[in-house]
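Student: I'm passing along target_32.txt; it holds compact mmCIF, N, CA and C atoms.
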```txt
# COMPACT_ATOMS: atom_id res chain seq x y z
N MET A 1414 -11.45 32.41 -83.56
CA MET A 1414 -11.16 33.39 -84.58
C MET A 1414 -10.42 32.72 -85.72
N LYS A 1415 -10.67 33.23 -86.92
CA LYS A 1415 -10.00 32.73 -88.12
C LYS A 1415 -9.67 33.90 -89.03
N TRP A 1416 -8.54 33.80 -89.72
CA TRP A 1416 -8.17 34.78 -90.74
C TRP A 1416 -8.53 34.23 -92.10
N THR A 1417 -8.89 35.12 -93.02
CA THR A 1417 -9.08 34.76 -94.42
C THR A 1417 -8.58 35.93 -95.26
N VAL A 1418 -8.24 35.65 -96.50
CA VAL A 1418 -7.69 36.67 -97.39
C VAL A 1418 -8.63 36.84 -98.57
N GLY A 1419 -8.97 38.08 -98.90
CA GLY A 1419 -9.86 38.39 -100.01
C GLY A 1419 -9.16 38.31 -101.36
N SER A 1420 -9.93 38.52 -102.43
CA SER A 1420 -9.41 38.41 -103.78
C SER A 1420 -8.35 39.47 -104.10
N LEU A 1421 -8.35 40.58 -103.40
CA LEU A 1421 -7.36 41.64 -103.62
C LEU A 1421 -6.35 41.68 -102.47
N ASP A 1422 -6.14 40.54 -101.84
CA ASP A 1422 -5.21 40.38 -100.70
C ASP A 1422 -5.63 41.15 -99.45
N GLU A 1423 -6.91 41.52 -99.34
CA GLU A 1423 -7.39 42.12 -98.10
C GLU A 1423 -7.37 41.03 -97.02
N LYS A 1424 -7.07 41.42 -95.82
CA LYS A 1424 -7.04 40.48 -94.71
C LYS A 1424 -8.28 40.69 -93.85
N TYR A 1425 -9.00 39.59 -93.62
CA TYR A 1425 -10.23 39.62 -92.83
C TYR A 1425 -10.10 38.71 -91.62
N LEU A 1426 -10.59 39.18 -90.51
CA LEU A 1426 -10.64 38.40 -89.28
C LEU A 1426 -12.10 38.04 -89.04
N ILE A 1427 -12.36 36.76 -88.83
CA ILE A 1427 -13.71 36.27 -88.52
C ILE A 1427 -13.70 35.85 -87.05
N ALA A 1428 -14.63 36.39 -86.27
CA ALA A 1428 -14.68 36.09 -84.83
C ALA A 1428 -16.08 35.62 -84.44
N GLY A 1429 -16.14 34.63 -83.56
CA GLY A 1429 -17.39 34.14 -83.02
C GLY A 1429 -17.44 34.42 -81.53
N PHE A 1430 -18.63 34.69 -81.01
CA PHE A 1430 -18.77 35.11 -79.62
C PHE A 1430 -19.80 34.26 -78.88
N GLY A 1431 -19.71 34.28 -77.56
CA GLY A 1431 -20.61 33.52 -76.69
C GLY A 1431 -22.06 33.94 -76.78
N ASN A 1432 -22.33 35.13 -77.29
CA ASN A 1432 -23.72 35.58 -77.43
C ASN A 1432 -24.35 35.13 -78.75
N GLY A 1433 -23.62 34.31 -79.54
CA GLY A 1433 -24.16 33.79 -80.79
C GLY A 1433 -23.85 34.65 -82.01
N ARG A 1434 -23.11 35.71 -81.81
CA ARG A 1434 -22.80 36.62 -82.91
C ARG A 1434 -21.49 36.20 -83.58
N VAL A 1435 -21.47 36.30 -84.91
CA VAL A 1435 -20.27 36.12 -85.70
C VAL A 1435 -20.05 37.42 -86.45
N VAL A 1436 -18.81 37.92 -86.41
CA VAL A 1436 -18.50 39.22 -87.02
C VAL A 1436 -17.26 39.07 -87.89
N SER A 1437 -17.30 39.69 -89.08
CA SER A 1437 -16.10 39.77 -89.91
C SER A 1437 -15.56 41.19 -89.83
N TYR A 1438 -14.24 41.28 -89.78
CA TYR A 1438 -13.54 42.56 -89.69
C TYR A 1438 -12.52 42.63 -90.82
N VAL A 1439 -12.26 43.83 -91.32
CA VAL A 1439 -11.21 44.03 -92.30
C VAL A 1439 -10.04 44.73 -91.62
N LEU A 1440 -8.83 44.28 -91.94
CA LEU A 1440 -7.61 44.89 -91.43
C LEU A 1440 -7.12 45.85 -92.51
N SER A 1441 -7.10 47.13 -92.21
CA SER A 1441 -6.67 48.13 -93.21
C SER A 1441 -5.16 48.19 -93.30
N SER A 1442 -4.66 48.81 -94.34
CA SER A 1442 -3.21 48.94 -94.52
C SER A 1442 -2.58 49.79 -93.43
N SER A 1443 -3.39 50.64 -92.76
CA SER A 1443 -2.87 51.47 -91.67
C SER A 1443 -2.86 50.71 -90.33
N GLY A 1444 -3.36 49.46 -90.35
CA GLY A 1444 -3.34 48.65 -89.14
C GLY A 1444 -4.60 48.73 -88.30
N THR A 1445 -5.60 49.48 -88.76
CA THR A 1445 -6.86 49.55 -88.01
C THR A 1445 -7.78 48.41 -88.44
N VAL A 1446 -8.68 48.06 -87.56
CA VAL A 1446 -9.64 46.99 -87.82
C VAL A 1446 -11.03 47.60 -87.74
N ARG A 1447 -11.87 47.29 -88.73
CA ARG A 1447 -13.26 47.77 -88.68
C ARG A 1447 -14.20 46.63 -89.05
N PRO A 1448 -15.39 46.59 -88.43
CA PRO A 1448 -16.35 45.53 -88.74
C PRO A 1448 -16.89 45.66 -90.16
N VAL A 1449 -17.15 44.51 -90.78
CA VAL A 1449 -17.68 44.46 -92.14
C VAL A 1449 -19.09 43.89 -92.14
N SER A 1450 -19.29 42.75 -91.48
CA SER A 1450 -20.57 42.05 -91.53
C SER A 1450 -20.81 41.36 -90.20
N LYS A 1451 -22.09 41.29 -89.80
CA LYS A 1451 -22.46 40.65 -88.53
C LYS A 1451 -23.61 39.69 -88.78
N LEU A 1452 -23.61 38.60 -88.01
CA LEU A 1452 -24.64 37.58 -88.14
C LEU A 1452 -24.87 36.95 -86.78
N HIS A 1453 -26.13 36.69 -86.43
CA HIS A 1453 -26.45 35.97 -85.20
C HIS A 1453 -26.87 34.56 -85.60
N VAL A 1454 -26.19 33.54 -85.03
CA VAL A 1454 -26.45 32.15 -85.43
C VAL A 1454 -27.40 31.41 -84.49
N GLY A 1455 -27.86 32.05 -83.42
CA GLY A 1455 -28.87 31.45 -82.57
C GLY A 1455 -28.37 30.60 -81.42
N SER A 1456 -27.05 30.45 -81.28
CA SER A 1456 -26.47 29.68 -80.19
C SER A 1456 -25.06 30.19 -79.96
N SER A 1457 -24.56 30.00 -78.76
CA SER A 1457 -23.21 30.43 -78.41
C SER A 1457 -22.19 29.77 -79.34
N VAL A 1458 -21.29 30.58 -79.91
CA VAL A 1458 -20.26 30.08 -80.81
C VAL A 1458 -19.11 29.50 -79.99
N GLN A 1459 -18.73 28.27 -80.30
CA GLN A 1459 -17.65 27.58 -79.59
C GLN A 1459 -16.38 27.46 -80.42
N CYS A 1460 -16.52 27.32 -81.76
CA CYS A 1460 -15.35 27.12 -82.62
C CYS A 1460 -15.70 27.46 -84.06
N LEU A 1461 -14.65 27.73 -84.84
CA LEU A 1461 -14.81 28.11 -86.24
C LEU A 1461 -13.81 27.35 -87.10
N ALA A 1462 -14.18 27.10 -88.36
CA ALA A 1462 -13.26 26.56 -89.36
C ALA A 1462 -13.61 27.20 -90.69
N MET A 1463 -12.61 27.47 -91.51
CA MET A 1463 -12.82 28.05 -92.85
C MET A 1463 -12.37 27.05 -93.90
N VAL A 1464 -13.19 26.85 -94.92
CA VAL A 1464 -12.82 26.06 -96.09
C VAL A 1464 -13.24 26.88 -97.30
N GLY A 1465 -12.26 27.48 -97.97
CA GLY A 1465 -12.57 28.35 -99.10
C GLY A 1465 -13.41 29.52 -98.61
N ASN A 1466 -14.58 29.68 -99.19
CA ASN A 1466 -15.47 30.77 -98.80
C ASN A 1466 -16.59 30.31 -97.85
N ILE A 1467 -16.43 29.15 -97.25
CA ILE A 1467 -17.45 28.62 -96.33
C ILE A 1467 -16.90 28.64 -94.91
N LEU A 1468 -17.67 29.26 -94.01
CA LEU A 1468 -17.33 29.28 -92.59
C LEU A 1468 -18.17 28.21 -91.89
N PHE A 1469 -17.50 27.31 -91.18
CA PHE A 1469 -18.17 26.30 -90.36
C PHE A 1469 -18.16 26.82 -88.93
N VAL A 1470 -19.35 26.89 -88.31
CA VAL A 1470 -19.49 27.43 -86.96
C VAL A 1470 -20.01 26.32 -86.05
N GLY A 1471 -19.20 25.92 -85.07
CA GLY A 1471 -19.62 24.93 -84.08
C GLY A 1471 -20.23 25.63 -82.88
N CYS A 1472 -21.40 25.17 -82.45
CA CYS A 1472 -22.17 25.91 -81.44
C CYS A 1472 -22.47 25.08 -80.19
N ALA A 1473 -22.84 25.80 -79.14
CA ALA A 1473 -23.15 25.18 -77.85
C ALA A 1473 -24.38 24.28 -77.90
N ASP A 1474 -25.27 24.50 -78.87
CA ASP A 1474 -26.47 23.66 -78.97
C ASP A 1474 -26.21 22.33 -79.66
N GLY A 1475 -24.94 22.06 -80.02
CA GLY A 1475 -24.58 20.80 -80.66
C GLY A 1475 -24.72 20.81 -82.16
N GLY A 1476 -25.12 21.92 -82.72
CA GLY A 1476 -25.26 22.02 -84.17
C GLY A 1476 -24.11 22.78 -84.79
N ILE A 1477 -23.98 22.61 -86.11
CA ILE A 1477 -23.03 23.43 -86.85
C ILE A 1477 -23.80 24.23 -87.88
N ARG A 1478 -23.27 25.39 -88.19
CA ARG A 1478 -23.84 26.25 -89.21
C ARG A 1478 -22.81 26.43 -90.31
N LEU A 1479 -23.25 26.33 -91.55
CA LEU A 1479 -22.41 26.65 -92.70
C LEU A 1479 -22.82 28.04 -93.16
N VAL A 1480 -21.85 28.95 -93.18
CA VAL A 1480 -22.11 30.34 -93.55
C VAL A 1480 -21.23 30.70 -94.74
N PRO A 1481 -21.80 30.83 -95.93
CA PRO A 1481 -21.00 31.28 -97.07
C PRO A 1481 -20.57 32.74 -96.89
N LEU A 1482 -19.33 33.03 -97.26
CA LEU A 1482 -18.82 34.40 -97.24
C LEU A 1482 -18.78 34.92 -98.67
N GLY A 1483 -19.35 36.09 -98.86
CA GLY A 1483 -19.31 36.73 -100.17
C GLY A 1483 -18.09 37.63 -100.28
N GLU A 1484 -18.01 38.36 -101.36
CA GLU A 1484 -16.91 39.30 -101.58
C GLU A 1484 -16.85 40.28 -100.42
N GLY A 1485 -15.66 40.60 -99.98
CA GLY A 1485 -15.49 41.54 -98.88
C GLY A 1485 -15.85 40.97 -97.53
N ALA A 1486 -15.90 39.63 -97.39
CA ALA A 1486 -16.22 38.93 -96.14
C ALA A 1486 -17.61 39.26 -95.62
N HIS A 1487 -18.56 39.49 -96.55
CA HIS A 1487 -19.96 39.70 -96.17
C HIS A 1487 -20.63 38.33 -96.03
N PHE A 1488 -21.35 38.16 -94.92
CA PHE A 1488 -22.00 36.88 -94.64
C PHE A 1488 -23.27 36.71 -95.46
N ASP A 1489 -23.54 35.45 -95.83
CA ASP A 1489 -24.86 35.07 -96.32
C ASP A 1489 -25.72 34.98 -95.06
N TYR A 1490 -26.82 35.72 -95.02
CA TYR A 1490 -27.62 35.81 -93.79
C TYR A 1490 -28.61 34.67 -93.63
N ASN A 1491 -28.41 33.59 -94.37
CA ASN A 1491 -29.25 32.42 -94.24
C ASN A 1491 -28.36 31.19 -94.07
N PRO A 1492 -27.69 31.07 -92.89
CA PRO A 1492 -26.78 29.94 -92.71
C PRO A 1492 -27.52 28.60 -92.73
N ARG A 1493 -26.82 27.56 -93.18
CA ARG A 1493 -27.39 26.21 -93.19
C ARG A 1493 -27.09 25.57 -91.84
N LEU A 1494 -28.09 24.96 -91.23
CA LEU A 1494 -27.95 24.38 -89.89
C LEU A 1494 -28.01 22.86 -89.96
N TRP A 1495 -27.05 22.20 -89.30
CA TRP A 1495 -27.09 20.76 -89.07
C TRP A 1495 -27.16 20.57 -87.57
N ARG A 1496 -28.26 20.00 -87.08
CA ARG A 1496 -28.49 19.83 -85.65
C ARG A 1496 -27.85 18.54 -85.13
N SER A 1497 -27.47 18.56 -83.88
CA SER A 1497 -27.03 17.36 -83.14
C SER A 1497 -26.04 16.51 -83.92
N VAL A 1498 -24.97 17.11 -84.42
CA VAL A 1498 -24.04 16.34 -85.25
C VAL A 1498 -23.23 15.33 -84.46
N ASN A 1499 -23.13 15.46 -83.15
CA ASN A 1499 -22.40 14.48 -82.34
C ASN A 1499 -23.33 13.54 -81.59
N GLY A 1500 -24.53 13.35 -82.10
CA GLY A 1500 -25.44 12.39 -81.49
C GLY A 1500 -26.68 13.03 -80.90
N SER A 1501 -27.59 12.18 -80.47
CA SER A 1501 -28.90 12.63 -80.01
C SER A 1501 -28.84 13.45 -78.72
N LYS A 1502 -27.79 13.24 -77.91
CA LYS A 1502 -27.67 14.04 -76.68
C LYS A 1502 -27.18 15.44 -76.97
N SER A 1503 -26.69 15.66 -78.17
CA SER A 1503 -26.33 16.99 -78.66
C SER A 1503 -25.35 17.75 -77.77
N PRO A 1504 -24.15 17.18 -77.52
CA PRO A 1504 -23.18 17.94 -76.72
C PRO A 1504 -22.67 19.15 -77.50
N SER A 1505 -22.25 20.15 -76.77
CA SER A 1505 -21.69 21.35 -77.38
C SER A 1505 -20.51 20.97 -78.27
N ILE A 1506 -20.42 21.59 -79.45
CA ILE A 1506 -19.30 21.35 -80.37
C ILE A 1506 -18.15 22.24 -79.92
N THR A 1507 -17.05 21.64 -79.49
CA THR A 1507 -15.92 22.42 -78.98
C THR A 1507 -14.76 22.51 -79.95
N SER A 1508 -14.77 21.68 -80.99
CA SER A 1508 -13.74 21.78 -82.02
C SER A 1508 -14.31 21.28 -83.34
N ILE A 1509 -13.85 21.90 -84.42
CA ILE A 1509 -14.32 21.52 -85.75
C ILE A 1509 -13.21 21.73 -86.76
N THR A 1510 -13.15 20.83 -87.70
CA THR A 1510 -12.26 20.99 -88.85
C THR A 1510 -12.99 20.40 -90.05
N ALA A 1511 -12.66 20.90 -91.22
CA ALA A 1511 -13.34 20.45 -92.43
C ALA A 1511 -12.42 20.60 -93.62
N VAL A 1512 -12.69 19.80 -94.64
CA VAL A 1512 -11.96 19.88 -95.90
C VAL A 1512 -12.97 19.61 -97.02
N GLU A 1513 -12.79 20.29 -98.13
CA GLU A 1513 -13.68 20.05 -99.27
C GLU A 1513 -13.21 18.79 -99.98
N ASN A 1514 -14.17 17.91 -100.31
CA ASN A 1514 -13.83 16.70 -101.04
C ASN A 1514 -13.36 17.10 -102.43
N SER A 1515 -12.20 16.63 -102.83
CA SER A 1515 -11.65 17.02 -104.13
C SER A 1515 -12.56 16.53 -105.25
N GLY A 1516 -12.72 17.40 -106.22
CA GLY A 1516 -13.55 17.06 -107.37
C GLY A 1516 -15.03 17.28 -107.18
N SER A 1517 -15.46 17.73 -105.99
CA SER A 1517 -16.89 17.85 -105.75
C SER A 1517 -17.54 18.94 -106.59
N VAL A 1518 -16.81 20.00 -106.93
CA VAL A 1518 -17.40 21.10 -107.70
C VAL A 1518 -17.48 20.75 -109.18
N GLU A 1519 -16.51 19.98 -109.70
CA GLU A 1519 -16.49 19.69 -111.12
C GLU A 1519 -17.67 18.84 -111.58
N TYR A 1520 -18.18 17.98 -110.72
CA TYR A 1520 -19.17 17.01 -111.15
C TYR A 1520 -20.61 17.38 -110.81
N SER A 1521 -20.81 18.42 -110.02
CA SER A 1521 -22.17 18.84 -109.70
C SER A 1521 -22.13 20.24 -109.14
N SER A 1522 -23.31 20.83 -109.00
CA SER A 1522 -23.37 22.16 -108.39
C SER A 1522 -23.31 22.08 -106.87
N LYS A 1523 -23.27 20.87 -106.34
CA LYS A 1523 -23.23 20.67 -104.89
C LYS A 1523 -21.80 20.49 -104.44
N ARG A 1524 -21.41 21.21 -103.41
CA ARG A 1524 -20.09 21.05 -102.82
C ARG A 1524 -20.20 20.06 -101.67
N LYS A 1525 -19.18 19.22 -101.52
CA LYS A 1525 -19.18 18.20 -100.48
C LYS A 1525 -17.97 18.43 -99.58
N PHE A 1526 -18.20 18.28 -98.28
CA PHE A 1526 -17.16 18.51 -97.29
C PHE A 1526 -17.06 17.31 -96.36
N MET A 1527 -15.85 16.98 -95.95
CA MET A 1527 -15.62 15.99 -94.90
C MET A 1527 -15.34 16.79 -93.63
N CYS A 1528 -16.10 16.52 -92.57
CA CYS A 1528 -15.99 17.26 -91.32
C CYS A 1528 -15.64 16.33 -90.17
N ALA A 1529 -14.95 16.89 -89.20
CA ALA A 1529 -14.71 16.20 -87.93
C ALA A 1529 -15.04 17.20 -86.83
N THR A 1530 -15.81 16.74 -85.85
CA THR A 1530 -16.16 17.60 -84.73
C THR A 1530 -15.83 16.89 -83.43
N GLY A 1531 -15.55 17.69 -82.42
CA GLY A 1531 -15.36 17.18 -81.07
C GLY A 1531 -16.40 17.79 -80.16
N GLY A 1532 -17.01 16.97 -79.32
CA GLY A 1532 -18.03 17.44 -78.39
C GLY A 1532 -17.47 17.63 -77.01
N GLU A 1533 -18.15 18.45 -76.20
CA GLU A 1533 -17.67 18.71 -74.84
C GLU A 1533 -17.67 17.45 -73.98
N ASP A 1534 -18.38 16.42 -74.40
CA ASP A 1534 -18.41 15.15 -73.66
C ASP A 1534 -17.30 14.20 -74.09
N GLY A 1535 -16.40 14.65 -74.97
CA GLY A 1535 -15.31 13.81 -75.44
C GLY A 1535 -15.62 13.04 -76.72
N SER A 1536 -16.83 13.17 -77.22
CA SER A 1536 -17.19 12.45 -78.45
C SER A 1536 -16.52 13.10 -79.65
N VAL A 1537 -16.21 12.27 -80.63
CA VAL A 1537 -15.65 12.72 -81.90
C VAL A 1537 -16.51 12.14 -83.01
N ASN A 1538 -16.83 12.96 -83.99
CA ASN A 1538 -17.67 12.51 -85.08
C ASN A 1538 -17.04 12.90 -86.40
N LEU A 1539 -17.03 11.99 -87.33
CA LEU A 1539 -16.54 12.22 -88.68
C LEU A 1539 -17.71 12.02 -89.63
N PHE A 1540 -17.98 12.98 -90.49
CA PHE A 1540 -19.15 12.90 -91.36
C PHE A 1540 -18.96 13.76 -92.59
N SER A 1541 -19.84 13.55 -93.55
CA SER A 1541 -19.84 14.29 -94.80
C SER A 1541 -21.02 15.23 -94.84
N ILE A 1542 -20.81 16.41 -95.41
CA ILE A 1542 -21.90 17.38 -95.60
C ILE A 1542 -21.93 17.73 -97.08
N GLU A 1543 -23.13 17.76 -97.64
CA GLU A 1543 -23.31 18.17 -99.02
C GLU A 1543 -24.10 19.46 -99.03
N GLU A 1544 -23.52 20.50 -99.60
CA GLU A 1544 -24.20 21.79 -99.68
C GLU A 1544 -25.14 21.75 -100.88
N ALA A 1545 -26.40 22.10 -100.67
CA ALA A 1545 -27.40 22.02 -101.73
C ALA A 1545 -27.15 23.01 -102.86
N SER A 1546 -26.64 24.18 -102.54
CA SER A 1546 -26.35 25.16 -103.57
C SER A 1546 -25.13 25.94 -103.15
N SER A 1547 -24.50 26.57 -104.10
CA SER A 1547 -23.27 27.32 -103.83
C SER A 1547 -23.43 28.74 -104.34
N PRO A 1548 -24.03 29.63 -103.52
CA PRO A 1548 -24.35 30.97 -104.00
C PRO A 1548 -23.16 31.86 -104.28
N PHE A 1549 -22.00 31.59 -103.68
CA PHE A 1549 -20.87 32.50 -103.84
C PHE A 1549 -19.69 31.90 -104.60
N ILE A 1550 -19.92 30.86 -105.39
CA ILE A 1550 -18.80 30.26 -106.15
C ILE A 1550 -18.53 31.10 -107.37
```
Once more with this new file: its structure as structure tokens, please.
Tutor:
Amino acid sequence: MKWTVGSLDEKYLIAGFGNGRVVSYVLSSSGTVRPVSKLHVGSSVQCLAMVGNILFVGCADGGIRLVPLGEGAHFDYNPRLWRSVNGSKSPSITSITAVENSGSVEYSSKRKFMCATGGEDGSVNLFSIEEASSPFI
């Protein structure tokens, strides 16, 4: 699970589940939580990371999905998939962290991220991802 804050200070909770579903919830001022957006990523969700408006989803199939979040924590329903990021044996991704490379937006329409993932087999991978387009910038 990860928290994110909207442009009007709304608080959103992003949760991933073993059935492959990712759900965003809004926390109301009265303390209630209600679902906002749902997405099925095709594999059991193991871990999540947020960088700005991009959700990184680490999955049991060894791939990661990049899911842009729009206004109000609505998911882009066409996540970008990177398969087997920890090698050809494709161990489940059990941890993920990412940071946007500074200056990547100023020089092109492509955003670049430095990612680190941990696999269930103990493997660690450090790599760069370049997003082809940025629909929610």
Student: How many Å lie between atom CA of Val1458 of chain A and atom CA of Thr1507 of chain A, rounded to one decimal?
Tutor: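 Interatomic distance here is 9.0 Å.
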Student: Among segment 1417-1450 of chain A, which ones does DSSP place in strand (DSSP E or B), written as a ChimeraX atom specification?
Tutor: /A:1417-1418,1424-1429,1434-1440,1446-1450
Student: Pull N, CA and C atoms from the residues just selected and write them as a short mmCIF file (atom, residue, chain, number, x, y, z; two decimals), keeping the file's coordinate frame.
Tutor:
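New file part-v4.cif:
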```cif
data_model
loop_
_atom_site.label_atom_id
_atom_site.label_comp_id
_atom_site.auth_asym_id
_atom_site.auth_seq_id
_atom_site.Cartn_x
_atom_site.Cartn_y
_atom_site.Cartn_z
N THR A 1417 -8.89 35.12 -93.02
CA THR A 1417 -9.08 34.76 -94.42
C THR A 1417 -8.58 35.93 -95.26
N VAL A 1418 -8.24 35.65 -96.50
CA VAL A 1418 -7.69 36.67 -97.39
C VAL A 1418 -8.63 36.84 -98.57
N LYS A 1424 -7.07 41.42 -95.82
CA LYS A 1424 -7.04 40.48 -94.71
C LYS A 1424 -8.28 40.69 -93.85
N TYR A 1425 -9.00 39.59 -93.62
CA TYR A 1425 -10.23 39.62 -92.83
C TYR A 1425 -10.10 38.71 -91.62
N LEU A 1426 -10.59 39.18 -90.51
CA LEU A 1426 -10.64 38.40 -89.28
C LEU A 1426 -12.10 38.04 -89.04
N ILE A 1427 -12.36 36.76 -88.83
CA ILE A 1427 -13.71 36.27 -88.52
C ILE A 1427 -13.70 35.85 -87.05
N ALA A 1428 -14.63 36.39 -86.27
CA ALA A 1428 -14.68 36.09 -84.83
C ALA A 1428 -16.08 35.62 -84.44
N GLY A 1429 -16.14 34.63 -83.56
CA GLY A 1429 -17.39 34.14 -83.02
C GLY A 1429 -17.44 34.42 -81.53
N ARG A 1434 -23.11 35.71 -81.81
CA ARG A 1434 -22.80 36.62 -82.91
C ARG A 1434 -21.49 36.20 -83.58
N VAL A 1435 -21.47 36.30 -84.91
CA VAL A 1435 -20.27 36.12 -85.70
C VAL A 1435 -20.05 37.42 -86.45
N VAL A 1436 -18.81 37.92 -86.41
CA VAL A 1436 -18.50 39.22 -87.02
C VAL A 1436 -17.26 39.07 -87.89
N SER A 1437 -17.30 39.69 -89.08
CA SER A 1437 -16.10 39.77 -89.91
C SER A 1437 -15.56 41.19 -89.83
N TYR A 1438 -14.24 41.28 -89.78
CA TYR A 1438 -13.54 42.56 -89.69
C TYR A 1438 -12.52 42.63 -90.82
N VAL A 1439 -12.26 43.83 -91.32
CA VAL A 1439 -11.21 44.03 -92.30
C VAL A 1439 -10.04 44.73 -91.62
N LEU A 1440 -8.83 44.28 -91.94
CA LEU A 1440 -7.61 44.89 -91.43
C LEU A 1440 -7.12 45.85 -92.51
N VAL A 1446 -8.68 48.06 -87.56
CA VAL A 1446 -9.64 46.99 -87.82
C VAL A 1446 -11.03 47.60 -87.74
N ARG A 1447 -11.87 47.29 -88.73
CA ARG A 1447 -13.26 47.77 -88.68
C ARG A 1447 -14.20 46.63 -89.05
N PRO A 1448 -15.39 46.59 -88.43
CA PRO A 1448 -16.35 45.53 -88.74
C PRO A 1448 -16.89 45.66 -90.16
N VAL A 1449 -17.15 44.51 -90.78
CA VAL A 1449 -17.68 44.46 -92.14
C VAL A 1449 -19.09 43.89 -92.14
N SER A 1450 -19.29 42.75 -91.48
CA SER A 1450 -20.57 42.05 -91.53
C SER A 1450 -20.81 41.36 -90.20
#
```
Student: Fewer than 6 positions away in the same chain doesn't count, so skip those; otherwise give me all residues within 6 Å of segment 1488-1493 of chain A, counting only C-alpha atoms, as an MDAnalysis selection string.
Tutor: chainID A and resid 1478:1482
Student: Quick check, in Å to one decimal: how far apart do atom N of Ala1511 of chain A and atom C of Asp1474 of chain A lie?
Tutor: 17.9 Å
Student: What separation in Å, quoted to one decimal, exists between atom C of Tyr1425 of chain A and atom C of Ala1473 of chain A?
Tutor: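 These atoms are spaced 24.5 Å apart.
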Student: With distances taken over only N, CA and C atoms, which of A:Cys1460, A:Leu1494, A:Val1436, A:Ile1509 is nearest to Ile1477 of chain A?
Tutor: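 Closest to Ile1477 of chain A of all the choices is A:Leu1494.
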Student: Would you give the centre and edge lengths, in Å to one decimal, of a box along x, y and z around the listed atoms of segment 1506-1509 of chain A, with 5 Å added to each side, as lines of an AutoDock Vina configuration file?
Tutor:
```
center_x = -16.8
center_y = 21.9
center_z = -82.9
size_x = 17.2
size_y = 11.2
size_z = 17.8
```
Student: Leaving out Ser1497 of chain A and any residue of its chain fewer than 3 positions from it, which residues lie within 8 Å of it when counting all atoms listed in the file, given as a short mmCIF file (atom, residue, chain, number, x, y, z; two decimals) with N, CA and C atoms, keeping the file's coordinate frame?
Tutor:
```cif
data_model
loop_
_atom_site.label_atom_id
_atom_site.label_comp_id
_atom_site.auth_asym_id
_atom_site.auth_seq_id
_atom_site.Cartn_x
_atom_site.Cartn_y
_atom_site.Cartn_z
N ASP A 1474 -25.27 24.50 -78.87
CA ASP A 1474 -26.47 23.66 -78.97
C ASP A 1474 -26.21 22.33 -79.66
N GLY A 1475 -24.94 22.06 -80.02
CA GLY A 1475 -24.58 20.80 -80.66
C GLY A 1475 -24.72 20.81 -82.16
N GLY A 1476 -25.12 21.92 -82.72
CA GLY A 1476 -25.26 22.02 -84.17
C GLY A 1476 -24.11 22.78 -84.79
N ILE A 1477 -23.98 22.61 -86.11
CA ILE A 1477 -23.03 23.43 -86.85
C ILE A 1477 -23.80 24.23 -87.88
N LEU A 1494 -28.09 24.96 -91.23
CA LEU A 1494 -27.95 24.38 -89.89
C LEU A 1494 -28.01 22.86 -89.96
N GLY A 1500 -24.53 13.35 -82.10
CA GLY A 1500 -25.44 12.39 -81.49
C GLY A 1500 -26.68 13.03 -80.90
N SER A 1501 -27.59 12.18 -80.47
CA SER A 1501 -28.90 12.63 -80.01
C SER A 1501 -28.84 13.45 -78.72
N LYS A 1502 -27.79 13.24 -77.91
CA LYS A 1502 -27.67 14.04 -76.68
C LYS A 1502 -27.18 15.44 -76.97
N SER A 1503 -26.69 15.66 -78.17
CA SER A 1503 -26.33 16.99 -78.66
C SER A 1503 -25.35 17.75 -77.77
N PRO A 1504 -24.15 17.18 -77.52
CA PRO A 1504 -23.18 17.94 -76.72
C PRO A 1504 -22.67 19.15 -77.50
#
```
Student: Let me make sure I understand: among A:Leu1468, A:Ile1542, A:Val1537, A:Ala1486, which one has the smallest atom-to-atom distance to Arg1447 of chain A if we use only C-alpha atoms?
Tutor: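 Selected residue with least distance to Arg1447 of chain A: A:Ala1486.
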Student: Which polymer residues have any atom within 5 Å of an atom of His1453 of chain A, counting all atoms listed in the file, with same-chain residues fewer than 3 positions away left out, as a list in words?
Tutor: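 Answer for this query is Gly1433, Arg1434 and Val1435 of chain A.
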Student: Could you check which of A:Ser1450, A:Ser1536, A:Ser1441, A:Thr1530 is closest to Gly1485 of chain A, using only N, CA and C atoms?
Tutor: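 Ranking A:Ser1450, A:Ser1536, A:Ser1441, A:Thr1530 by distance to Gly1485 of chain A, first place goes to A:Ser1450.
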Student: Pick the closest to Gly1531 of chain A from A:Val1439, A:Val1464, A:Val1418, A:Ile1506: which is it, counting all atoms listed in the file?
Tutor: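 Between A:Val1439, A:Val1464, A:Val1418, A:Ile1506, the residue approaching Gly1531 of chain A most closely is A:Ile1506.
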Student: Counting only C-alpha atoms, which residue out of A:Cys1528, A:Val1512, A:Val1498, A:Val1454 sits closest to Gly1431 of chain A?
Tutor: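 Among A:Cys1528, A:Val1512, A:Val1498, A:Val1454, it is A:Val1454 that comes nearest to Gly1431 of chain A.
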Student: Return the single residue from A:Ala1462, A:Leu1539, A:Leu1426, A:Val1470 that is closest to His1487 of chain A, with distances computed using only C-alpha atoms.
Tutor: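 Of A:Ala1462, A:Leu1539, A:Leu1426, A:Val1470, the one nearest His1487 of chain A, counting only C-alpha atoms, is A:Leu1426.
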